[in-house]
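Trainee: Got a file for you: query_3.tsv, TSV, N, CA and C atoms.
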chain	number	residue	atom	x	y	z
A	1	MET	N	233.66	6.76	12.59
A	1	MET	CA	234.10	8.15	12.58
A	1	MET	C	232.91	9.04	12.29
A	2	LEU	N	232.75	10.07	13.12
A	2	LEU	CA	231.72	11.07	12.87
A	2	LEU	C	232.32	12.19	12.03
A	3	PHE	N	231.52	12.71	11.11
A	3	PHE	CA	231.99	13.78	10.22
A	3	PHE	C	230.85	14.77	10.02
A	4	ALA	N	231.09	16.02	10.39
A	4	ALA	CA	230.11	17.08	10.21
A	4	ALA	C	230.26	17.66	8.80
A	5	PHE	N	229.15	17.76	8.09
A	5	PHE	CA	229.15	18.31	6.74
A	5	PHE	C	227.96	19.26	6.65
A	6	ASN	N	228.26	20.54	6.57
A	6	ASN	CA	227.25	21.59	6.59
A	6	ASN	C	226.34	21.39	7.80
A	7	ASN	N	225.05	21.21	7.60
A	7	ASN	CA	224.16	21.08	8.76
A	7	ASN	C	223.71	19.62	8.95
A	8	ALA	N	224.66	18.70	8.81
A	8	ALA	CA	224.42	17.28	9.07
A	8	ALA	C	225.67	16.67	9.68
A	9	VAL	N	225.49	15.56	10.37
A	9	VAL	CA	226.61	14.80	10.91
A	9	VAL	C	226.41	13.35	10.48
A	10	PHE	N	227.41	12.79	9.86
A	10	PHE	CA	227.33	11.42	9.37
A	10	PHE	C	228.24	10.51	10.17
A	11	ASP	N	227.74	9.33	10.45
A	11	ASP	CA	228.58	8.29	11.05
A	11	ASP	C	229.16	7.50	9.88
A	12	LEU	N	230.42	7.74	9.60
A	12	LEU	CA	231.07	7.10	8.46
A	12	LEU	C	231.56	5.70	8.77
A	13	GLY	N	231.48	5.32	10.04
A	13	GLY	CA	232.07	4.04	10.41
A	13	GLY	C	233.56	4.13	10.12
A	14	ASP	N	234.07	3.21	9.34
A	14	ASP	CA	235.45	3.28	8.88
A	14	ASP	C	235.43	3.95	7.51
A	15	PRO	N	235.87	5.21	7.42
A	15	PRO	CA	235.80	5.91	6.14
A	15	PRO	C	236.52	5.18	5.01
A	16	ALA	N	237.56	4.44	5.35
A	16	ALA	CA	238.30	3.70	4.32
A	16	ALA	C	237.42	2.64	3.67
A	17	GLN	N	236.53	2.01	4.44
A	17	GLN	CA	235.61	1.02	3.88
A	17	GLN	C	234.60	1.68	2.95
A	18	THR	N	234.06	2.83	3.39
A	18	THR	CA	233.11	3.58	2.55
A	18	THR	C	233.82	4.00	1.27
A	19	TYR	N	235.04	4.47	1.42
A	19	TYR	CA	235.85	4.91	0.28
A	19	TYR	C	236.04	3.78	-0.72
A	20	LYS	N	236.32	2.57	-0.23
A	20	LYS	CA	236.55	1.42	-1.10
A	20	LYS	C	235.30	1.06	-1.90
A	21	SER	N	234.12	1.37	-1.36
A	21	SER	CA	232.88	1.04	-2.06
A	21	SER	C	232.50	2.08	-3.11
A	22	MET	N	233.28	3.15	-3.22
A	22	MET	CA	233.01	4.19	-4.21
A	22	MET	C	233.45	3.72	-5.59
A	23	PRO	N	232.94	4.38	-6.63
A	23	PRO	CA	233.39	4.03	-7.99
A	23	PRO	C	234.92	4.12	-8.11
A	24	GLU	N	235.45	3.28	-8.93
A	24	GLU	CA	236.90	3.17	-9.15
A	24	GLU	C	237.56	4.52	-9.45
A	25	LYS	N	236.85	5.40	-10.16
A	25	LYS	CA	237.45	6.68	-10.55
A	25	LYS	C	237.87	7.53	-9.36
A	26	PHE	N	237.34	7.24	-8.16
A	26	PHE	CA	237.71	8.03	-6.99
A	26	PHE	C	238.88	7.42	-6.22
A	27	HIS	N	239.22	6.20	-6.52
A	27	HIS	CA	240.33	5.56	-5.82
A	27	HIS	C	241.62	6.26	-6.21
A	28	GLY	N	242.40	6.60	-5.23
A	28	GLY	CA	243.65	7.29	-5.49
A	28	GLY	C	243.50	8.80	-5.61
A	29	ALA	N	242.29	9.30	-5.39
A	29	ALA	CA	242.08	10.76	-5.48
A	29	ALA	C	242.89	11.48	-4.41
A	30	THR	N	243.43	12.61	-4.77
A	30	THR	CA	244.14	13.45	-3.81
A	30	THR	C	243.12	14.31	-3.06
A	31	LEU	N	243.57	14.99	-2.02
A	31	LEU	CA	242.67	15.90	-1.30
A	31	LEU	C	242.17	16.99	-2.25
A	32	LYS	N	243.05	17.52	-3.07
A	32	LYS	CA	242.65	18.57	-4.01
A	32	LYS	C	241.55	18.06	-4.94
A	33	GLU	N	241.70	16.84	-5.42
A	33	GLU	CA	240.68	16.26	-6.30
A	33	GLU	C	239.37	16.01	-5.54
A	34	ALA	N	239.48	15.56	-4.30
A	34	ALA	CA	238.28	15.33	-3.49
A	34	ALA	C	237.53	16.64	-3.26
A	35	LEU	N	238.27	17.72	-3.05
A	35	LEU	CA	237.63	19.02	-2.85
A	35	LEU	C	237.02	19.54	-4.14
A	36	ARG	N	237.64	19.26	-5.27
A	36	ARG	CA	237.05	19.65	-6.57
A	36	ARG	C	235.74	18.90	-6.82
A	37	VAL	N	235.71	17.62	-6.48
A	37	VAL	CA	234.47	16.84	-6.61
A	37	VAL	C	233.40	17.45	-5.71
A	38	THR	N	233.79	17.79	-4.49
A	38	THR	CA	232.85	18.42	-3.56
A	38	THR	C	232.31	19.72	-4.14
A	39	GLN	N	233.18	20.53	-4.69
A	39	GLN	CA	232.73	21.79	-5.30
A	39	GLN	C	231.71	21.54	-6.40
A	40	GLY	N	231.97	20.55	-7.24
A	40	GLY	CA	231.05	20.25	-8.33
A	40	GLY	C	229.70	19.78	-7.83
A	41	VAL	N	229.70	18.94	-6.81
A	41	VAL	CA	228.44	18.44	-6.26
A	41	VAL	C	227.65	19.58	-5.60
A	42	ILE	N	228.35	20.42	-4.83
A	42	ILE	CA	227.67	21.54	-4.17
A	42	ILE	C	227.11	22.52	-5.19
A	43	MET	N	227.81	22.73	-6.29
A	43	MET	CA	227.31	23.63	-7.32
A	43	MET	C	226.00	23.08	-7.90
A	44	GLU	N	225.96	21.76	-8.09
A	44	GLU	CA	224.77	21.13	-8.67
A	44	GLU	C	223.65	20.94	-7.64
A	45	TYR	N	224.03	20.59	-6.41
A	45	TYR	CA	223.07	20.33	-5.33
A	45	TYR	C	223.48	21.12	-4.10
A	46	PRO	N	223.15	22.41	-4.03
A	46	PRO	CA	223.62	23.25	-2.92
A	46	PRO	C	223.26	22.72	-1.53
A	47	ASP	N	222.14	22.02	-1.40
A	47	ASP	CA	221.74	21.48	-0.10
A	47	ASP	C	221.84	19.96	-0.12
A	48	VAL	N	222.96	19.45	-0.63
A	48	VAL	CA	223.16	18.02	-0.84
A	48	VAL	C	222.93	17.20	0.42
A	49	VAL	N	223.25	17.73	1.59
A	49	VAL	CA	223.08	16.94	2.82
A	49	VAL	C	221.61	16.62	3.09
A	50	LYS	N	220.71	17.45	2.59
A	50	LYS	CA	219.28	17.21	2.76
A	50	LYS	C	218.67	16.50	1.55
A	51	THR	N	219.07	16.92	0.34
A	51	THR	CA	218.45	16.39	-0.87
A	51	THR	C	219.04	15.05	-1.32
A	52	HIS	N	220.30	14.83	-1.03
A	52	HIS	CA	221.00	13.60	-1.44
A	52	HIS	C	221.94	13.16	-0.32
A	53	PRO	N	221.41	12.75	0.85
A	53	PRO	CA	222.27	12.43	1.99
A	53	PRO	C	223.30	11.34	1.73
A	54	GLU	N	222.98	10.34	0.91
A	54	GLU	CA	223.96	9.29	0.63
A	54	GLU	C	225.13	9.84	-0.18
A	55	LYS	N	224.84	10.75	-1.10
A	55	LYS	CA	225.89	11.39	-1.89
A	55	LYS	C	226.76	12.25	-0.96
A	56	ALA	N	226.11	12.95	-0.03
A	56	ALA	CA	226.84	13.78	0.93
A	56	ALA	C	227.73	12.92	1.83
A	57	LYS	N	227.21	11.79	2.25
A	57	LYS	CA	227.99	10.87	3.10
A	57	LYS	C	229.20	10.34	2.34
A	58	ALA	N	229.02	10.02	1.07
A	58	ALA	CA	230.14	9.55	0.25
A	58	ALA	C	231.19	10.64	0.09
A	59	LEU	N	230.76	11.88	-0.12
A	59	LEU	CA	231.71	13.00	-0.20
A	59	LEU	C	232.47	13.16	1.11
A	60	ALA	N	231.74	13.06	2.22
A	60	ALA	CA	232.38	13.17	3.53
A	60	ALA	C	233.45	12.09	3.70
A	61	ALA	N	233.14	10.88	3.29
A	61	ALA	CA	234.11	9.78	3.41
A	61	ALA	C	235.31	10.03	2.50
A	62	LEU	N	235.06	10.49	1.29
A	62	LEU	CA	236.15	10.78	0.36
A	62	LEU	C	237.10	11.83	0.95
A	63	VAL	N	236.53	12.90	1.47
A	63	VAL	CA	237.35	13.96	2.06
A	63	VAL	C	238.04	13.46	3.33
A	64	ALA	N	237.31	12.73	4.17
A	64	ALA	CA	237.89	12.22	5.42
A	64	ALA	C	239.10	11.33	5.16
A	65	CYS	N	239.05	10.55	4.10
A	65	CYS	CA	240.17	9.66	3.77
A	65	CYS	C	241.40	10.42	3.28
A	66	ARG	N	241.20	11.63	2.83
A	66	ARG	CA	242.30	12.39	2.24
A	66	ARG	C	242.73	13.60	3.07
A	67	ALA	N	241.95	13.98	4.06
A	67	ALA	CA	242.20	15.25	4.75
A	67	ALA	C	242.85	15.11	6.12
A	68	GLY	N	243.45	13.98	6.40
A	68	GLY	CA	244.14	13.84	7.69
A	68	GLY	C	243.19	13.92	8.87
A	69	ASP	N	243.36	14.94	9.69
A	69	ASP	CA	242.57	15.08	10.92
A	69	ASP	C	241.22	15.75	10.73
A	70	ALA	N	240.90	16.22	9.56
A	70	ALA	CA	239.64	16.93	9.36
A	70	ALA	C	238.45	16.01	9.60
A	71	ASN	N	237.50	16.50	10.39
A	71	ASN	CA	236.27	15.75	10.64
A	71	ASN	C	235.04	16.66	10.51
A	72	ALA	N	235.25	17.80	9.89
A	72	ALA	CA	234.14	18.73	9.63
A	72	ALA	C	234.42	19.46	8.33
A	73	MET	N	233.35	19.68	7.56
A	73	MET	CA	233.49	20.38	6.29
A	73	MET	C	232.27	21.27	6.09
A	74	MET	N	232.55	22.47	5.62
A	74	MET	CA	231.50	23.40	5.22
A	74	MET	C	231.73	23.70	3.75
A	75	ALA	N	230.67	23.62	2.95
A	75	ALA	CA	230.78	23.92	1.52
A	75	ALA	C	229.52	24.65	1.09
A	76	PHE	N	229.70	25.75	0.37
A	76	PHE	CA	228.54	26.52	-0.08
A	76	PHE	C	228.87	27.31	-1.33
A	77	VAL	N	227.81	27.64	-2.05
A	77	VAL	CA	227.93	28.46	-3.26
A	77	VAL	C	227.78	29.91	-2.85
A	78	PRO	N	228.81	30.72	-3.00
A	78	PRO	CA	228.68	32.13	-2.62
A	78	PRO	C	227.79	32.88	-3.61
A	79	PRO	N	227.18	33.97	-3.18
A	79	PRO	CA	226.33	34.75	-4.07
A	79	PRO	C	227.08	35.14	-5.34
A	80	GLY	N	226.41	34.97	-6.47
A	80	GLY	CA	226.99	35.36	-7.75
A	80	GLY	C	227.89	34.33	-8.40
A	81	ALA	N	228.19	33.24	-7.71
A	81	ALA	CA	229.07	32.22	-8.28
A	81	ALA	C	228.34	31.46	-9.39
A	82	SER	N	229.03	31.24	-10.50
A	82	SER	CA	228.39	30.53	-11.61
A	82	SER	C	229.19	29.31	-12.06
A	83	VAL	N	230.35	29.10	-11.45
A	83	VAL	CA	231.17	27.92	-11.77
A	83	VAL	C	231.58	27.24	-10.47
A	84	SER	N	231.78	25.93	-10.55
A	84	SER	CA	232.07	25.16	-9.34
A	84	SER	C	233.37	25.57	-8.65
A	85	GLN	N	234.33	26.10	-9.41
A	85	GLN	CA	235.60	26.52	-8.80
A	85	GLN	C	235.40	27.65	-7.79
A	86	LYS	N	234.26	28.31	-7.84
A	86	LYS	CA	233.97	29.41	-6.90
A	86	LYS	C	233.31	28.92	-5.61
A	87	VAL	N	232.92	27.64	-5.58
A	87	VAL	CA	232.31	27.07	-4.37
A	87	VAL	C	233.35	27.09	-3.25
A	88	VAL	N	232.94	27.57	-2.09
A	88	VAL	CA	233.82	27.67	-0.93
A	88	VAL	C	233.75	26.36	-0.15
A	89	VAL	N	234.92	25.80	0.15
A	89	VAL	CA	235.01	24.59	0.97
A	89	VAL	C	235.99	24.87	2.10
A	90	ARG	N	235.56	24.59	3.31
A	90	ARG	CA	236.41	24.80	4.48
A	90	ARG	C	236.42	23.52	5.30
A	91	LEU	N	237.59	23.14	5.80
A	91	LEU	CA	237.73	21.94	6.62
A	91	LEU	C	238.15	22.32	8.03
A	92	ALA	N	237.78	21.47	8.99
A	92	ALA	CA	238.16	21.70	10.38
A	92	ALA	C	238.31	20.37	11.09
A	93	SER	N	239.00	20.43	12.19
A	93	SER	CA	239.12	19.29	13.09
A	93	SER	C	238.52	19.72	14.43
A	94	VAL	N	237.48	19.04	14.84
A	94	VAL	CA	236.82	19.39	16.11
A	94	VAL	C	236.84	18.19	17.04
A	95	SER	N	236.61	18.43	18.30
A	95	SER	CA	236.69	17.37	19.30
A	95	SER	C	235.55	16.36	19.13
A	96	LEU	N	235.80	15.15	19.59
A	96	LEU	CA	234.78	14.11	19.54
A	96	LEU	C	233.56	14.50	20.37
A	97	VAL	N	233.78	15.20	21.46
A	97	VAL	CA	232.67	15.64	22.31
A	97	VAL	C	231.72	16.55	21.52
A	98	VAL	N	232.29	17.48	20.76
A	98	VAL	CA	231.48	18.38	19.93
A	98	VAL	C	230.74	17.58	18.86
A	99	LEU	N	231.43	16.68	18.19
A	99	LEU	CA	230.79	15.87	17.14
A	99	LEU	C	229.67	15.01	17.70
A	100	GLN	N	229.88	14.42	18.86
A	100	GLN	CA	228.84	13.60	19.48
A	100	GLN	C	227.61	14.43	19.83
A	101	SER	N	227.84	15.63	20.33
A	101	SER	CA	226.74	16.53	20.65
A	101	SER	C	225.96	16.90	19.39
A	102	LEU	N	226.69	17.23	18.32
A	102	LEU	CA	226.04	17.56	17.05
A	102	LEU	C	225.31	16.35	16.47
A	103	PHE	N	225.92	15.17	16.59
A	103	PHE	CA	225.31	13.94	16.07
A	103	PHE	C	224.00	13.64	16.80
A	104	GLN	N	223.98	13.87	18.10
A	104	GLN	CA	222.75	13.65	18.87
A	104	GLN	C	221.66	14.61	18.39
A	105	LEU	N	222.00	15.88	18.22
A	105	LEU	CA	221.03	16.85	17.71
A	105	LEU	C	220.55	16.45	16.31
A	106	HIS	N	221.47	15.98	15.48
A	106	HIS	CA	221.11	15.53	14.13
A	106	HIS	C	220.10	14.38	14.19
A	107	ASN	N	220.38	13.40	15.04
A	107	ASN	CA	219.49	12.23	15.16
A	107	ASN	C	218.12	12.61	15.72
A	108	GLU	N	218.07	13.66	16.52
A	108	GLU	CA	216.80	14.13	17.08
A	108	GLU	C	216.07	15.08	16.13
A	109	GLY	N	216.70	15.37	14.99
A	109	GLY	CA	216.09	16.29	14.03
A	109	GLY	C	216.15	17.74	14.46
A	110	LYS	N	217.07	18.06	15.37
A	110	LYS	CA	217.17	19.41	15.92
A	110	LYS	C	218.42	20.16	15.50
A	111	LEU	N	219.25	19.54	14.66
A	111	LEU	CA	220.50	20.18	14.26
A	111	LEU	C	220.22	21.27	13.24
A	112	SER	N	220.77	22.45	13.49
A	112	SER	CA	220.60	23.57	12.57
A	112	SER	C	221.97	24.12	12.18
A	113	LYS	N	221.98	24.94	11.15
A	113	LYS	CA	223.22	25.59	10.75
A	113	LYS	C	223.75	26.44	11.90
A	114	LYS	N	222.86	27.01	12.67
A	114	LYS	CA	223.26	27.83	13.80
A	114	LYS	C	224.06	27.01	14.81
A	115	HIS	N	223.61	25.78	15.11
A	115	HIS	CA	224.34	24.91	16.03
A	115	HIS	C	225.73	24.60	15.50
A	116	VAL	N	225.79	24.22	14.21
A	116	VAL	CA	227.07	23.85	13.62
A	116	VAL	C	228.02	25.05	13.60
A	117	ASN	N	227.50	26.19	13.19
A	117	ASN	CA	228.34	27.40	13.17
A	117	ASN	C	228.90	27.72	14.54
A	118	ALA	N	228.06	27.65	15.55
A	118	ALA	CA	228.48	27.99	16.91
A	118	ALA	C	229.49	26.99	17.47
A	119	MET	N	229.28	25.71	17.18
A	119	MET	CA	230.11	24.68	17.81
A	119	MET	C	231.35	24.31	16.99
A	120	VAL	N	231.33	24.55	15.69
A	120	VAL	CA	232.46	24.16	14.86
A	120	VAL	C	233.21	25.39	14.35
A	121	TRP	N	232.51	26.23	13.63
A	121	TRP	CA	233.19	27.30	12.90
A	121	TRP	C	233.51	28.53	13.73
A	122	LYS	N	232.73	28.84	14.72
A	122	LYS	CA	233.05	29.99	15.58
A	122	LYS	C	234.25	29.71	16.46
A	123	SER	N	234.53	28.41	16.69
A	123	SER	CA	235.67	28.06	17.55
A	123	SER	C	236.96	27.89	16.75
A	124	GLU	N	236.86	27.87	15.42
A	124	GLU	CA	238.06	27.74	14.59
A	124	GLU	C	238.79	29.06	14.50
A	125	PRO	N	240.13	29.02	14.50
A	125	PRO	CA	240.88	30.27	14.38
A	125	PRO	C	240.78	30.85	12.98
As structure tokens - that is how I would like this structure written.

Mentor:
Amino acid sequence: MLFAFNNAVFDLGDPAQTYKSMPEKFHGATLKEALRVTQGVIMEYPDVVKTHPEKAKALAALVACRAGDANAMMAFVPPGASVSQKVVVRLASVSLVVLQSLFQLHNEGKLSKKHVNAMVWKSEP
């Protein structure tokens, strides 16, 4: 499974397998709890997909296992936010064709926030 997270695309394989390899405390997490964990990580590491890609991939798998059809996530700290509850997290479901295109750009080192915004978030209602 491909999953877009901010300006990266991760091949999660089977997200359930990745999920099973996470610490026990995450097993049984609800979507709300998964999003709270995401908020906390983004607050601490705003550019987690670049600075801690394995942590970002684990977050993507955690959310993917709980979010049904969602295969894209955007998370950022808005200006002036000082607590993790203020971190904005948005989920989307995009076509496999779009994800494959983004994944190719990611692998070539050419994926930018502009690409992701145009192909994922500008097309969302």

Trainee: Apply DSSP to the structure's backbone, then extract all residues of chain A labelled helix (DSSP H, G or I) and return them as a ChimeraX atom specification.

Mentor: /A:15-20,24-26,31-44,48-51,53-66,84-86,96-107,113-121

Trainee: Give me, as a ChimeraX atom specification, all polymer residues having an atom no more than 6 Å from A:Val94, counting all atoms listed in the file and skipping those fewer than 4 positions away in the same chain.

Mentor: /A:71-72,98-99

Trainee: Taking all atoms listed in the file into account, name the residue in A:Ala60, A:Met43, A:Val120, A:Ala8 that is nearest to A:Ser95.

Mentor: A:Val120

Trainee: Give the answer as one residue: which of A:Ser21, A:Ser84, A:Asn7, A:Thr51 has the shortest atom-to-atom distance to A:Gln39, using only C-alpha atoms?

Mentor: A:Ser84

Trainee: How many Å lie between atom CA of A:Asn6 and atom CA of A:Lys113, rounded to one decimal?

Mentor: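 One can read the atom CA of A:Asn6 to atom CA of A:Lys113 distance as 7.0 Å.
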
Trainee: Quick one: pick out all strand (DSSP E or B) residues within stretch 23-114 of chain A from a backbone DSSP run and write them as a list of chain:residue names.

Mentor: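 The residues of stretch 23-114 of chain A classed as strand (DSSP E or B) are A:Ala72, A:Met73, A:Met74, A:Ala75, A:Phe76, A:Val88, A:Val89, A:Arg90, A:Leu91, A:Ala92.
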
Trainee: Smallest atom-to-atom distance to A:Ala118: which of A:Tyr45, A:Phe3, A:Pro53, A:Leu102, using only C-alpha atoms?

Mentor: A:Leu102

Trainee: As an exercise, work out the distance from atom N of A:Met73 to atom CA of A:Glu24 in Å and give it to one decimal place.

Mentor: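 Computing it gives 23.8 Å between the two atoms.
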
Trainee: Using all atoms listed in the file, which of the listed residues (A:Glu54, A:Ala29, A:Pro23, A:Val87) sits closest to A:Ile42?

Mentor: A:Val87

Trainee: So the first atom is atom CA of A:Gln104 and the second is atom CA of A:Asn117; what is the distance between them in Å, to one decimal place?

Mentor: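 Those two atoms sit 15.9 Å apart.
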
Trainee: Can you find the residues with an atom no farther than 6.5 Å from (238.7, 19.3, 4.0), counting all atoms listed in the file, and report them as a PDB file with N, CA and C atoms, in the frame of the given file?

Mentor:
ATOM      1  N   VAL A  63     236.530  12.900   1.470  1.00  0.00           N
ATOM      2  CA  VAL A  63     237.350  13.960   2.060  1.00  0.00           C
ATOM      3  C   VAL A  63     238.040  13.460   3.330  1.00  0.00           C
ATOM      4  N   ALA A  67     241.950  13.980   4.060  1.00  0.00           N
ATOM      5  CA  ALA A  67     242.200  15.250   4.750  1.00  0.00           C
ATOM      6  C   ALA A  67     242.850  15.110   6.120  1.00  0.00           C
ATOM      7  N   ALA A  70     240.900  16.220   9.560  1.00  0.00           N
ATOM      8  CA  ALA A  70     239.640  16.930   9.360  1.00  0.00           C
ATOM      9  C   ALA A  70     238.450  16.010   9.600  1.00  0.00           C
ATOM     10  N   ALA A  72     235.250  17.800   9.890  1.00  0.00           N
ATOM     11  CA  ALA A  72     234.140  18.730   9.630  1.00  0.00           C
ATOM     12  C   ALA A  72     234.420  19.460   8.330  1.00  0.00           C
ATOM     13  N   MET A  73     233.350  19.680   7.560  1.00  0.00           N
ATOM     14  CA  MET A  73     233.490  20.380   6.290  1.00  0.00           C
ATOM     15  C   MET A  73     232.270  21.270   6.090  1.00  0.00           C
ATOM     16  N   VAL A  89     234.920  25.800   0.150  1.00  0.00           N
ATOM     17  CA  VAL A  89     235.010  24.590   0.970  1.00  0.00           C
ATOM     18  C   VAL A  89     235.990  24.870   2.100  1.00  0.00           C
ATOM     19  N   ARG A  90     235.560  24.590   3.310  1.00  0.00           N
ATOM     20  CA  ARG A  90     236.410  24.800   4.480  1.00  0.00           C
ATOM     21  C   ARG A  90     236.420  23.520   5.300  1.00  0.00           C
ATOM     22  N   LEU A  91     237.590  23.140   5.800  1.00  0.00           N
ATOM     23  CA  LEU A  91     237.730  21.940   6.620  1.00  0.00           C
ATOM     24  C   LEU A  91     238.150  22.320   8.030  1.00  0.00           C
ATOM     25  N   ALA A  92     237.780  21.470   8.990  1.00  0.00           N
ATOM     26  CA  ALA A  92     238.160  21.700  10.380  1.00  0.00           C
ATOM     27  C   ALA A  92     238.310  20.370  11.090  1.00  0.00           C
TER      28      ALA A  92
END

Trainee: Given the choices A:Ala58, A:Val41, A:Met74, A:Met22, which gets closest to A:Ala4 if the distance is worked out from all atoms listed in the file?

Mentor: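 Smallest separation from A:Ala4 among the options: A:Met74.
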
Trainee: Counting only C-alpha atoms, which of A:Gln100, A:Ala81, A:His52, A:Thr30 gets nearest to A:Ala64?

Mentor: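 Ranking A:Gln100, A:Ala81, A:His52, A:Thr30 by distance to A:Ala64, first place goes to A:Thr30.
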
Trainee: Could you write out as JSON the box around stretch 37-47 of chain A (axis-aligned, all atoms listed in the file, 5 Å on each side), with centre and edge lengths in Å to one decimal?

Mentor:
{"center_x": 228.7, "center_y": 20.2, "center_z": -4.4, "size_x": 24.0, "size_y": 16.8, "size_z": 18.6}

Trainee: Using only N, CA and C atoms, which residues sit within 6.5 Å of A:Leu31 once same-chain residues fewer than 4 positions away are excluded, as a list in words?

Mentor: Leu35, Arg36, Arg66 and Ala67 of chain A

Trainee: Write out as JSON, numbers by chain which residues come within 6.5 Å of A:Val88 when counting all atoms listed in the file, dropping same-chain ones fewer than 5 positions away.

Mentor: {"A": [74, 75, 76, 77, 78]}
